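Q: Below is model-v4.cif; it holds mmCIF, C-alpha atoms and all ligand atoms.
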data_my_file
#
loop_
_atom_site.label_atom_id
_atom_site.label_comp_id
_atom_site.auth_asym_id
_atom_site.auth_seq_id
_atom_site.Cartn_x
_atom_site.Cartn_y
_atom_site.Cartn_z
CA MET A 1 159.72 233.79 6.61
CA ALA A 2 159.37 230.90 4.19
CA LYS A 3 157.35 227.94 5.37
CA THR A 4 159.07 224.60 5.84
CA ARG A 5 157.61 221.13 5.93
CA VAL A 6 158.79 217.72 6.98
CA ALA A 7 156.98 214.60 5.86
CA ARG A 8 157.81 210.95 6.29
CA ILE A 9 157.39 209.38 2.87
CA ALA A 10 158.68 205.90 3.69
CA GLU A 11 159.70 204.09 6.87
CA ASN A 12 163.17 205.66 6.94
CA LEU A 13 162.83 208.43 4.39
CA TYR A 14 161.85 212.06 5.02
CA LEU A 15 161.02 214.95 2.75
CA LEU A 16 162.46 218.31 3.88
CA ARG A 17 160.63 220.98 1.90
CA LEU A 18 160.93 224.75 1.69
CA ASP A 19 157.99 226.69 0.28
CA ASP A 20 159.58 229.67 -1.48
CA THR A 21 157.14 232.54 -1.88
CA GLU A 22 159.94 235.11 -2.12
CA THR A 23 161.39 234.24 -5.50
CA MET A 24 159.37 236.18 -8.06
CA PHE A 25 161.46 235.20 -11.08
CA PHE A 26 162.87 231.67 -11.15
CA GLU A 27 166.44 231.73 -12.49
CA ALA A 28 165.91 235.51 -12.42
CA LEU A 29 163.86 234.98 -15.58
CA TRP A 30 160.57 233.15 -15.19
CA GLU A 31 157.60 234.74 -13.45
CA ILE A 32 156.30 232.38 -10.77
CA PRO A 33 153.52 234.09 -8.82
CA GLU A 34 152.57 230.55 -7.81
CA GLY A 35 155.89 230.08 -5.97
CA VAL A 36 158.16 227.06 -5.96
CA THR A 37 159.35 224.45 -3.49
CA TYR A 38 162.80 222.98 -2.94
CA ASN A 39 162.74 219.35 -1.86
CA ALA A 40 165.59 217.66 -0.04
CA TYR A 41 165.35 214.12 1.31
CA LEU A 42 166.86 212.41 4.31
CA LEU A 43 167.45 208.67 4.31
CA ASP A 44 168.20 206.97 7.60
CA THR A 45 170.35 204.03 6.58
CA GLY A 46 170.64 202.61 10.08
CA GLU A 47 174.38 203.32 9.95
CA GLY A 48 174.25 207.05 9.40
CA LEU A 49 172.13 209.57 7.53
CA ALA A 50 172.22 210.22 3.81
CA LEU A 51 171.09 213.71 2.84
CA LEU A 52 169.85 213.97 -0.71
CA ASP A 53 170.27 217.50 -2.07
CA GLY A 54 169.37 220.73 -0.29
CA TRP A 55 167.75 224.15 -0.74
CA LYS A 56 168.55 227.49 -2.23
CA ARG A 57 171.18 229.79 -0.69
CA GLY A 58 169.72 232.15 1.88
CA TYR A 59 167.78 229.46 3.73
CA GLU A 60 170.72 227.78 5.50
CA GLY A 61 169.40 228.47 9.01
CA GLN A 62 165.94 227.13 8.25
CA PHE A 63 167.46 224.17 6.48
CA LEU A 64 169.51 223.13 9.49
CA ASP A 65 166.58 223.74 11.85
CA THR A 66 164.34 221.59 9.66
CA LEU A 67 166.95 218.86 9.53
CA ARG A 68 167.33 219.05 13.31
CA SER A 69 163.60 218.45 13.72
CA VAL A 70 164.20 214.94 12.38
CA ALA A 71 167.82 214.11 13.14
CA GLU A 72 171.16 215.46 14.25
CA PRO A 73 173.04 217.18 11.39
CA ARG A 74 176.29 215.71 12.73
CA ASP A 75 174.93 212.24 11.91
CA VAL A 76 174.87 213.03 8.19
CA LYS A 77 177.55 210.75 6.73
CA TRP A 78 176.74 211.20 3.07
CA VAL A 79 175.39 214.03 0.94
CA ILE A 80 174.18 213.08 -2.53
CA VAL A 81 174.07 215.87 -5.10
CA HIS A 82 171.77 214.97 -7.97
CA HIS A 83 172.12 218.38 -9.61
CA VAL A 84 174.54 221.23 -8.92
CA GLU A 85 172.23 224.17 -9.67
CA PRO A 86 172.25 226.42 -6.59
CA ASP A 87 168.52 226.09 -5.95
CA HIS A 88 169.50 222.66 -4.58
CA THR A 89 173.07 223.15 -3.41
CA GLY A 90 172.91 226.61 -1.83
CA THR A 91 172.69 225.04 1.62
CA LEU A 92 175.54 222.58 0.98
CA PRO A 93 178.28 224.60 2.72
CA SER A 94 176.16 224.82 5.87
CA ILE A 95 175.71 221.06 6.14
CA LEU A 96 179.39 220.42 5.38
CA GLY A 97 180.26 222.52 8.42
CA GLU A 98 177.63 221.00 10.73
CA ALA A 99 178.21 217.38 9.74
CA GLY A 100 181.98 217.44 9.90
CA ASN A 101 183.03 216.84 6.32
CA PRO A 102 180.60 214.18 5.14
CA GLN A 103 181.28 212.30 1.95
CA VAL A 104 179.73 214.07 -1.06
CA LEU A 105 178.54 211.71 -3.78
CA CYS A 106 177.93 213.13 -7.25
CA HIS A 107 178.60 212.95 -10.98
CA PRO A 108 182.29 213.51 -11.82
CA MET A 109 181.39 216.72 -13.67
CA ALA A 110 179.76 218.11 -10.53
CA VAL A 111 182.91 218.19 -8.43
CA GLY A 112 184.76 221.12 -10.01
CA LEU A 113 181.68 223.29 -10.22
CA LEU A 114 180.60 222.61 -6.64
CA GLU A 115 184.08 223.48 -5.39
CA ALA A 116 184.16 226.62 -7.53
CA LEU A 117 180.69 227.77 -6.56
CA TYR A 118 181.19 227.34 -2.83
CA ASN A 119 184.96 227.73 -2.48
CA VAL A 120 185.24 224.40 -0.67
CA ARG A 121 187.34 221.25 -0.92
CA LEU A 122 184.99 218.29 -0.92
CA ASN A 123 185.45 214.86 0.57
CA VAL A 124 184.10 213.52 -2.66
CA ARG A 125 183.14 210.19 -4.12
CA VAL A 126 182.27 210.29 -7.81
CA LEU A 127 179.50 208.02 -9.00
CA LYS A 128 179.44 205.89 -12.13
CA ASP A 129 176.44 205.33 -14.32
CA GLY A 130 174.76 202.08 -13.33
CA GLU A 131 176.70 201.81 -10.07
CA ARG A 132 174.91 200.49 -6.99
CA VAL A 133 176.03 202.54 -4.03
CA SER A 134 175.82 201.06 -0.56
CA LEU A 135 175.08 203.55 2.18
CA GLY A 136 174.95 201.77 5.51
CA GLY A 137 172.24 199.20 5.10
CA GLU A 138 170.70 200.83 2.03
CA GLU A 139 171.47 200.75 -1.65
CA LEU A 140 170.90 203.26 -4.43
CA GLU A 141 171.30 202.67 -8.16
CA VAL A 142 172.83 205.55 -10.07
CA LEU A 143 171.50 206.69 -13.44
CA TYR A 144 173.20 209.43 -15.39
CA THR A 145 170.50 211.67 -16.85
CA PRO A 146 172.42 214.44 -18.60
CA TRP A 147 170.70 217.74 -19.38
CA LEU A 148 167.89 217.27 -16.90
CA HIS A 149 168.65 219.93 -16.43
CA TRP A 150 172.43 220.38 -16.51
CA PRO A 151 175.03 217.96 -17.91
CA GLU A 152 176.04 216.62 -14.48
CA THR A 153 172.53 215.55 -13.51
CA ILE A 154 171.88 212.11 -12.05
CA MET A 155 168.89 210.24 -10.73
CA THR A 156 169.13 207.54 -8.08
CA TYR A 157 166.76 204.66 -7.50
CA HIS A 158 166.10 203.05 -4.14
CA LYS A 159 164.85 199.69 -5.34
CA ARG A 160 163.75 198.30 -1.97
CA LEU A 161 161.53 201.32 -1.32
CA GLY A 162 160.65 201.78 -4.99
CA VAL A 163 161.61 205.46 -4.79
CA LEU A 164 163.17 207.29 -7.72
CA PHE A 165 165.01 210.48 -6.79
CA SER A 166 164.51 212.24 -10.10
CA GLY A 167 166.19 215.63 -9.72
CA ASP A 168 164.53 218.43 -11.66
CA ALA A 169 162.72 215.91 -13.88
CA PHE A 170 159.06 215.38 -12.98
CA GLY A 171 159.12 218.58 -10.91
CA SER A 172 156.62 221.43 -10.82
CA TYR A 173 156.34 225.06 -9.91
CA SER A 174 153.80 226.13 -7.27
CA ILE A 175 153.44 225.47 -3.58
CA PRO A 176 151.15 222.47 -3.32
CA GLU A 177 148.90 222.27 -0.28
CA GLY A 178 149.96 218.70 0.36
CA VAL A 179 153.21 216.87 -0.12
CA SER A 180 151.96 214.10 -2.39
CA ASP A 181 149.93 213.94 -5.60
CA GLY A 182 147.16 212.40 -3.51
CA ASP A 183 146.77 215.64 -1.55
CA VAL A 184 146.38 218.12 -4.42
CA ASP A 185 144.30 219.08 -7.43
CA VAL A 186 146.40 217.11 -9.92
CA GLU A 187 145.09 218.80 -13.07
CA GLU A 188 145.95 222.23 -11.69
CA LEU A 189 149.38 220.99 -10.63
CA LEU A 190 150.07 219.54 -14.06
CA GLY A 191 149.75 223.03 -15.56
CA PHE A 192 152.59 224.12 -13.27
CA SER A 193 154.57 220.99 -14.20
CA ARG A 194 154.24 221.79 -17.90
CA LYS A 195 155.30 225.38 -17.31
CA TYR A 196 158.28 224.17 -15.26
CA LEU A 197 159.35 221.72 -17.93
CA ALA A 198 158.95 224.29 -20.72
CA THR A 199 160.88 227.08 -19.03
CA VAL A 200 163.64 225.11 -17.30
CA VAL A 201 164.18 221.97 -19.37
CA GLY A 202 162.45 223.02 -22.60
CA ARG A 203 165.68 223.50 -24.51
CA TYR A 204 166.77 219.93 -23.62
CA ARG A 205 163.42 218.21 -24.01
CA GLN A 206 164.74 215.30 -26.06
CA HIS A 207 166.76 214.22 -23.01
CA ILE A 208 163.54 213.58 -21.12
CA VAL A 209 162.64 211.01 -23.72
CA LYS A 210 166.10 209.45 -23.44
CA ALA A 211 165.91 209.38 -19.65
CA VAL A 212 162.50 207.69 -19.64
CA GLU A 213 163.79 205.10 -22.11
CA LYS A 214 166.79 204.56 -19.85
CA LEU A 215 164.59 204.05 -16.79
CA SER A 216 162.62 201.48 -18.71
CA SER A 217 165.70 199.67 -20.05
CA ARG A 218 167.11 199.48 -16.52
CA GLY A 219 163.87 198.02 -15.22
CA VAL A 220 163.16 201.04 -13.02
CA GLU A 221 159.44 201.13 -12.30
CA PRO A 222 159.13 203.54 -9.40
CA LYS A 223 156.29 203.31 -6.91
CA THR A 224 157.24 206.82 -5.80
CA ILE A 225 158.89 209.67 -7.68
CA ALA A 226 160.67 212.14 -5.45
CA PRO A 227 161.63 215.24 -7.48
CA LEU A 228 163.47 218.34 -6.34
CA HIS A 229 160.42 220.60 -6.86
CA GLY A 230 156.71 220.07 -6.31
CA VAL A 231 154.89 217.04 -4.98
CA VAL A 232 156.12 213.54 -4.31
CA TRP A 233 154.31 211.35 -6.82
CA ARG A 234 153.17 208.23 -5.00
CA VAL A 235 149.53 207.77 -5.98
CA ASN A 236 150.05 207.88 -9.72
CA PRO A 237 153.76 208.24 -10.58
CA GLY A 238 153.05 206.92 -14.07
CA LEU A 239 150.98 210.02 -14.81
CA ILE A 240 153.81 212.52 -14.44
CA ILE A 241 156.14 210.31 -16.50
CA GLU A 242 153.51 210.05 -19.22
CA ARG A 243 152.86 213.82 -19.21
CA PHE A 244 156.56 214.72 -19.19
CA LEU A 245 157.04 212.43 -22.20
CA SER A 246 154.11 214.00 -24.01
CA TRP A 247 155.33 217.55 -23.32
CA ALA A 248 158.90 216.61 -24.22
CA ARG A 249 157.59 215.54 -27.60
CA ALA A 250 155.47 218.75 -27.75
CA GLU A 251 152.42 216.62 -28.52
CA PRO A 252 149.47 218.85 -29.42
CA ALA A 253 146.44 219.00 -27.18
CA GLU A 254 143.35 218.54 -29.31
CA GLY A 255 142.04 221.85 -30.64
CA LYS A 256 144.27 224.01 -28.42
CA VAL A 257 145.38 227.22 -30.12
CA LEU A 258 147.73 229.58 -28.32
CA ALA A 259 147.46 233.23 -29.28
CA VAL A 260 150.01 235.77 -28.12
CA TYR A 261 150.08 239.33 -29.32
CA GLY A 262 151.25 242.81 -28.59
CA SER A 263 149.05 245.70 -29.59
CA MET A 264 149.94 249.35 -29.02
CA TYR A 265 146.83 251.03 -30.42
CA GLY A 266 144.48 248.15 -31.24
CA ALA A 267 145.14 247.28 -34.91
CA VAL A 268 146.91 243.99 -34.14
CA GLU A 269 144.31 243.22 -31.47
CA ARG A 270 141.46 243.63 -33.97
CA ALA A 271 143.24 241.44 -36.52
CA VAL A 272 143.98 238.68 -34.01
CA GLY A 273 140.38 238.95 -32.78
CA ILE A 274 139.07 238.19 -36.28
CA VAL A 275 141.32 235.13 -36.49
CA LEU A 276 140.34 233.86 -33.05
CA GLU A 277 136.64 234.36 -33.65
CA ARG A 278 136.81 232.20 -36.78
CA LEU A 279 138.97 229.58 -35.04
CA GLU A 280 136.49 229.33 -32.17
CA GLU A 281 133.59 229.01 -34.64
CA LEU A 282 135.45 226.05 -36.10
CA GLY A 283 135.82 224.40 -32.70
CA ALA A 284 139.24 225.48 -31.49
CA SER A 285 139.89 226.27 -27.82
CA THR A 286 141.93 229.42 -27.61
CA VAL A 287 144.35 230.46 -24.86
CA VAL A 288 145.13 234.14 -25.27
CA TYR A 289 147.96 236.31 -23.90
CA ARG A 290 147.75 240.06 -24.57
CA PHE A 291 150.60 242.53 -24.22
CA THR A 292 148.88 245.90 -24.34
CA ASP A 293 148.87 249.23 -22.51
CA ARG A 294 146.84 247.47 -19.79
CA GLU A 295 148.08 243.92 -19.67
CA ARG A 296 151.43 242.16 -19.41
CA PRO A 297 151.01 238.49 -18.66
CA PRO A 298 153.81 236.22 -17.40
CA ILE A 299 155.98 235.22 -20.34
CA SER A 300 156.67 231.93 -18.55
CA ASN A 301 152.97 231.07 -18.87
CA VAL A 302 153.07 231.69 -22.62
CA ILE A 303 156.00 229.31 -23.01
CA GLY A 304 154.25 226.68 -20.90
CA ASP A 305 151.15 226.90 -23.06
CA ALA A 306 153.17 226.81 -26.28
CA LEU A 307 154.44 223.33 -25.50
CA ASP A 308 151.18 221.48 -26.03
CA ALA A 309 149.43 223.93 -28.36
CA SER A 310 148.21 222.50 -31.66
CA ALA A 311 148.82 225.81 -33.38
CA ILE A 312 149.97 229.30 -32.47
CA VAL A 313 148.77 232.72 -33.55
CA VAL A 314 151.31 235.52 -33.09
CA GLY A 315 150.38 239.18 -33.45
CA ALA A 316 153.01 241.92 -33.52
CA ALA A 317 153.49 245.23 -35.25
CA THR A 318 156.66 246.49 -36.84
CA TYR A 319 158.39 248.72 -34.28
CA GLU A 320 161.54 250.69 -35.14
CA SER A 321 161.99 248.46 -38.21
CA GLU A 322 161.95 245.43 -35.94
CA VAL A 323 159.43 243.14 -34.26
CA PHE A 324 157.48 244.75 -31.41
CA PRO A 325 160.08 244.07 -28.66
CA LEU A 326 158.08 242.13 -26.09
CA ILE A 327 156.70 239.79 -28.72
CA ARG A 328 160.12 239.34 -30.26
CA TYR A 329 161.43 238.15 -26.88
CA VAL A 330 158.44 235.87 -26.32
CA VAL A 331 158.75 234.36 -29.78
CA GLU A 332 162.50 233.82 -29.44
CA GLU A 333 161.91 231.96 -26.18
CA VAL A 334 159.08 229.91 -27.70
CA ALA A 335 161.44 229.04 -30.56
CA ARG A 336 164.12 227.93 -28.07
CA LYS A 337 161.97 226.10 -25.55
CA ALA A 338 158.92 224.86 -27.45
CA ALA A 339 160.22 224.33 -30.98
CA ALA A 340 158.06 221.91 -32.94
CA LYS A 341 156.64 221.24 -36.38
CA LYS A 342 153.38 223.06 -35.76
CA PRO A 343 151.43 225.66 -37.73
CA VAL A 344 151.91 229.31 -36.77
CA LEU A 345 149.97 232.24 -38.18
CA ILE A 346 151.63 235.62 -37.88
CA VAL A 347 149.44 238.70 -37.99
CA SER A 348 151.36 241.92 -38.33
CA SER A 349 150.66 245.60 -38.91
CA TYR A 350 152.95 248.42 -39.94
CA GLY A 351 152.85 252.13 -40.49
CA TRP A 352 155.73 252.94 -42.85
CA GLY A 353 157.12 249.60 -43.92
CA GLY A 354 156.62 245.98 -42.81
CA ALA A 355 159.49 244.12 -41.15
CA ALA A 356 157.95 242.20 -38.24
CA GLY A 357 156.19 239.57 -40.37
CA ARG A 358 159.35 238.57 -42.21
CA LYS A 359 161.51 238.57 -39.08
CA LEU A 360 159.06 236.49 -37.06
CA GLU A 361 158.74 234.06 -39.97
CA GLU A 362 162.52 233.67 -39.97
CA ILE A 363 162.79 233.02 -36.21
CA LEU A 364 159.92 230.54 -36.10
CA GLY A 365 160.73 228.88 -39.43
CA LYS A 366 164.28 228.11 -38.24
CA ALA A 367 162.77 226.40 -35.19
CA GLY A 368 160.74 224.10 -37.43
CA PHE A 369 157.34 225.80 -37.22
CA GLU A 370 155.21 225.95 -40.37
CA VAL A 371 154.64 229.67 -40.72
CA SER A 372 152.18 231.77 -42.68
CA VAL A 373 151.90 235.57 -42.50
CA VAL A 374 149.18 238.15 -42.97
CA GLU A 375 150.68 241.64 -42.88
CA PHE A 376 148.80 244.90 -43.38
CA LYS A 377 149.28 248.66 -43.26
CA GLY A 378 147.36 250.50 -40.54
CA SER A 379 143.96 248.97 -39.92
CA PRO A 380 143.12 245.31 -40.69
CA ALA A 381 139.84 246.32 -42.43
CA PRO A 382 141.09 245.60 -45.98
CA VAL A 383 142.42 242.13 -45.01
CA GLU A 384 139.54 240.82 -42.91
CA ASP A 385 138.67 238.12 -45.47
CA ARG A 386 142.31 237.07 -45.69
CA LEU A 387 142.46 236.80 -41.93
CA ARG A 388 139.38 234.55 -41.84
CA GLU A 389 140.78 232.40 -44.63
CA ALA A 390 144.10 232.12 -42.81
CA ALA A 391 142.21 231.00 -39.69
CA GLU A 392 140.38 228.36 -41.74
CA THR A 393 143.65 227.08 -43.21
CA LEU A 394 145.13 226.91 -39.71
CA ALA A 395 142.09 225.06 -38.37
CA ALA A 396 142.24 222.58 -41.26
CA SER A 397 145.80 221.66 -40.31
CA ILE A 398 145.09 220.68 -36.69
CA ARG A 399 142.95 218.10 -34.95
CA LEU A 400 139.75 219.68 -33.63
CA PRO A 401 137.24 218.07 -31.31
FE1 LIG B 1 165.87 222.98 -9.75
FE2 LIG B 1 167.99 222.94 -12.40
O1 LIG B 1 167.51 223.22 -10.64
#
How does this structure look as structure tokens?
Ligand code: FEO
A:
Amino acid sequence: MAKTRVARIAENLYLLRLDDTETMFFEALWEIPEGVTYNAYLLDTGEGLALLDGWKRGYEGQFLDTLRSVAEPRDVKWVIVHHVEPDHTGTLPSILGEAGNPQVLCHPMAVGLLEALYNVRLNVRVLKDGERVSLGGEELEVLYTPWLHWPETIMTYHKRLGVLFSGDAFGSYSIPEGVSDGDVDVEELLGFSRKYLATVVGRYRQHIVKAVEKLSSRGVEPKTIAPLHGVVWRVNPGLIIERFLSWARAEPAEGKVLAVYGSMYGAVERAVGIVLERLEELGASTVVYRFTDRERPPISNVIGDALDASAIVVGAATYESEVFPLIRYVVEEVARKAAAKKPVLIVSSYGWGGAAGRKLEEILGKAGFEVSVVEFKGSPAPVEDRLREAAETLAASIRLP
């Protein structure tokens, strides 16, 4: 049974958290051995309860029990939906039944999809961008933040408490020991935040920049950031905003080189090894993912590490006149989620005719990467000098410590 937590994060505000260790693949795609949390919030307005979001479908019973540990579900007068994705609205039908048709407040685009997903008729109030919504004695300011991570996404800001309910933005994978950034190893958590951003919001990264600019232009300077996944940021909320901005811009971490390769019988592995050895001699820090007959790392981790890499080394053989399939998939996802103007070196082997080098160059070039290729037949022995030179050229194009 999944663990649940309740924490009071302000005088009249509670976090209701589910620690999901059962989902192995977030969105049925992304490997998350570290798990994920779903965060809902409960605001006691003095004139009724406002429930902010919910949990994934399948946890309705635990959700209502957790809510009951703080308040009576029938006292929920308002439900605010910041984001329709079912990891946060799966429990909505259960609260609608328990609370007796509370008012559902959301973006206008959310209404049709919520009703279609859950086959319900909502007692709905649509929210306008910039609107200040009074809920009993409390007030929330609405900010439309499209594409974080769907088009109907909003944030709300409780100015008196200084709490920004940020939706998916500023969230993280993993199941943190504590509920706030003050209770965890922040550097470790940030790795899970970067991975979350890359896999879930990576395609729409420019909207993070727009949202942060919007927060600033509206004078929103939160003392606490309350996202839908991960910790509540109340010790250093500026840090997660700063990091999200940096990752959204795919800013390179000094000297970080990501290497990802597939190697069936060792030729690509030897070639990539020569490149990495030279890069490390020149001061680069390498992060390496190997797809071999013994290893298959989480693809989600590769995408997370691609976002702040200074350069990328890709190794893949030609396979059935195509790119070695696992690496093709990884590279296509990197091109979608972590596209940037960064150097990429492709190292590719073939038996009968080379195709992988050209095809990878096309995929990555279209995404804006600056691509060079070293391709060879069979063993890399005849091209060892070329591989070292290619590593030196790559190193010369990035900032090293
Ligand atoms: Fe956590 Fe886009 O839902």
Q: Segment 77-87 of chain A, all listed atoms, 5 Å padding on each side: what axis-aligned box centre and edge lengths in Å to one decimal come out, as AutoDock Vina command-line options?
A:
--center_x 173.0 --center_y 218.6 --center_z -1.5 --size_x 19.0 --size_y 25.7 --size_z 26.4
Q: Find the distance between atom CA of Tyr144 of chain A and atom CA of Ser216 of chain A and write it in Å to one decimal.
A: 13.6 Å
Q: So that I can check the surroundings of segment 44-58 of chain A, please list as a ChimeraX atom specification every protein, DNA and RNA residue that reaches within 7 Å of it, counting all atoms listed in the file and ignoring chain neighbours fewer than 6 positions away.
A: /A:12-13,38,75-82,86-92,135-138
Q: For chain A against ligand LIG 1 (chain B), with a cut-off of 9 Å and counting all atoms listed in the file, what is the closest atom pair and its distance in Å to one decimal for every residue that makes the cut, ordered by chain and number, as a Markdown table?
A:
| residue | atom | partner | partner_atom | distance |
| --- | --- | --- | --- | --- |
| A:Glu27 | CA | B:LIG1 | O1 | 8.8 |
| A:Tyr38 | CA | B:LIG1 | FE1 | 7.5 |
| A:His83 | CA | B:LIG1 | FE2 | 6.8 |
| A:Val84 | CA | B:LIG1 | O1 | 7.5 |
| A:Glu85 | CA | B:LIG1 | O1 | 4.9 |
| A:Pro86 | CA | B:LIG1 | O1 | 7.0 |
| A:Asp87 | CA | B:LIG1 | FE1 | 5.6 |
| A:His88 | CA | B:LIG1 | FE1 | 6.3 |
| A:Leu148 | CA | B:LIG1 | FE2 | 7.2 |
| A:His149 | CA | B:LIG1 | FE2 | 5.1 |
| A:Trp150 | CA | B:LIG1 | FE2 | 6.6 |
| A:Thr153 | CA | B:LIG1 | FE2 | 8.7 |
| A:Gly167 | CA | B:LIG1 | FE1 | 7.4 |
| A:Asp168 | CA | B:LIG1 | FE1 | 5.1 |
| A:Ala169 | CA | B:LIG1 | FE1 | 8.8 |
| A:Gly171 | CA | B:LIG1 | FE1 | 8.1 |
| A:Val200 | CA | B:LIG1 | FE2 | 6.9 |
| A:Val201 | CA | B:LIG1 | FE2 | 8.0 |
| A:Leu228 | CA | B:LIG1 | FE1 | 6.2 |
| A:His229 | CA | B:LIG1 | FE1 | 6.6 |
Q: With C-alpha atoms retained, could you export that selection as a PDB file, keeping the file's coordinate frame?
A:
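That gives us out.pdb:
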ATOM      1  CA  GLU A  27     166.440 231.730 -12.490  1.00  0.00           C
ATOM      2  CA  TYR A  38     162.800 222.980  -2.940  1.00  0.00           C
ATOM      3  CA  HIS A  83     172.120 218.380  -9.610  1.00  0.00           C
ATOM      4  CA  VAL A  84     174.540 221.230  -8.920  1.00  0.00           C
ATOM      5  CA  GLU A  85     172.230 224.170  -9.670  1.00  0.00           C
ATOM      6  CA  PRO A  86     172.250 226.420  -6.590  1.00  0.00           C
ATOM      7  CA  ASP A  87     168.520 226.090  -5.950  1.00  0.00           C
ATOM      8  CA  HIS A  88     169.500 222.660  -4.580  1.00  0.00           C
ATOM      9  CA  LEU A 148     167.890 217.270 -16.900  1.00  0.00           C
ATOM     10  CA  HIS A 149     168.650 219.930 -16.430  1.00  0.00           C
ATOM     11  CA  TRP A 150     172.430 220.380 -16.510  1.00  0.00           C
ATOM     12  CA  THR A 153     172.530 215.550 -13.510  1.00  0.00           C
ATOM     13  CA  GLY A 167     166.190 215.630  -9.720  1.00  0.00           C
ATOM     14  CA  ASP A 168     164.530 218.430 -11.660  1.00  0.00           C
ATOM     15  CA  ALA A 169     162.720 215.910 -13.880  1.00  0.00           C
ATOM     16  CA  GLY A 171     159.120 218.580 -10.910  1.00  0.00           C
ATOM     17  CA  VAL A 200     163.640 225.110 -17.300  1.00  0.00           C
ATOM     18  CA  VAL A 201     164.180 221.970 -19.370  1.00  0.00           C
ATOM     19  CA  LEU A 228     163.470 218.340  -6.340  1.00  0.00           C
ATOM     20  CA  HIS A 229     160.420 220.600  -6.860  1.00  0.00           C
TER      21      HIS A 229
END
Q: Identify the residues around (144.5, 230.6, -40.9) within a radius of 12 Å, measuring from all atoms listed in the file in the coordinates stated by the file, and give them as a VMD selection string.
A: chain A and resid 257 271 to 272 274 to 280 282 284 311 to 314 343 to 347 370 to 374 384 to 398
Q: At what distance in Å, to one decimal, does atom CA of Leu43 of chain A lie from atom CA of Arg132 of chain A?
A: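 Distance reported for this atom pair: 15.8 Å.
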Q: In terms of the shortest atom-to-atom distance over all atoms listed in the file, which of A:Arg203, A:Arg17, A:Arg121, A:Lys128 is closest to Met109 of chain A?
A: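 Selected residue with least distance to Met109 of chain A: A:Lys128.
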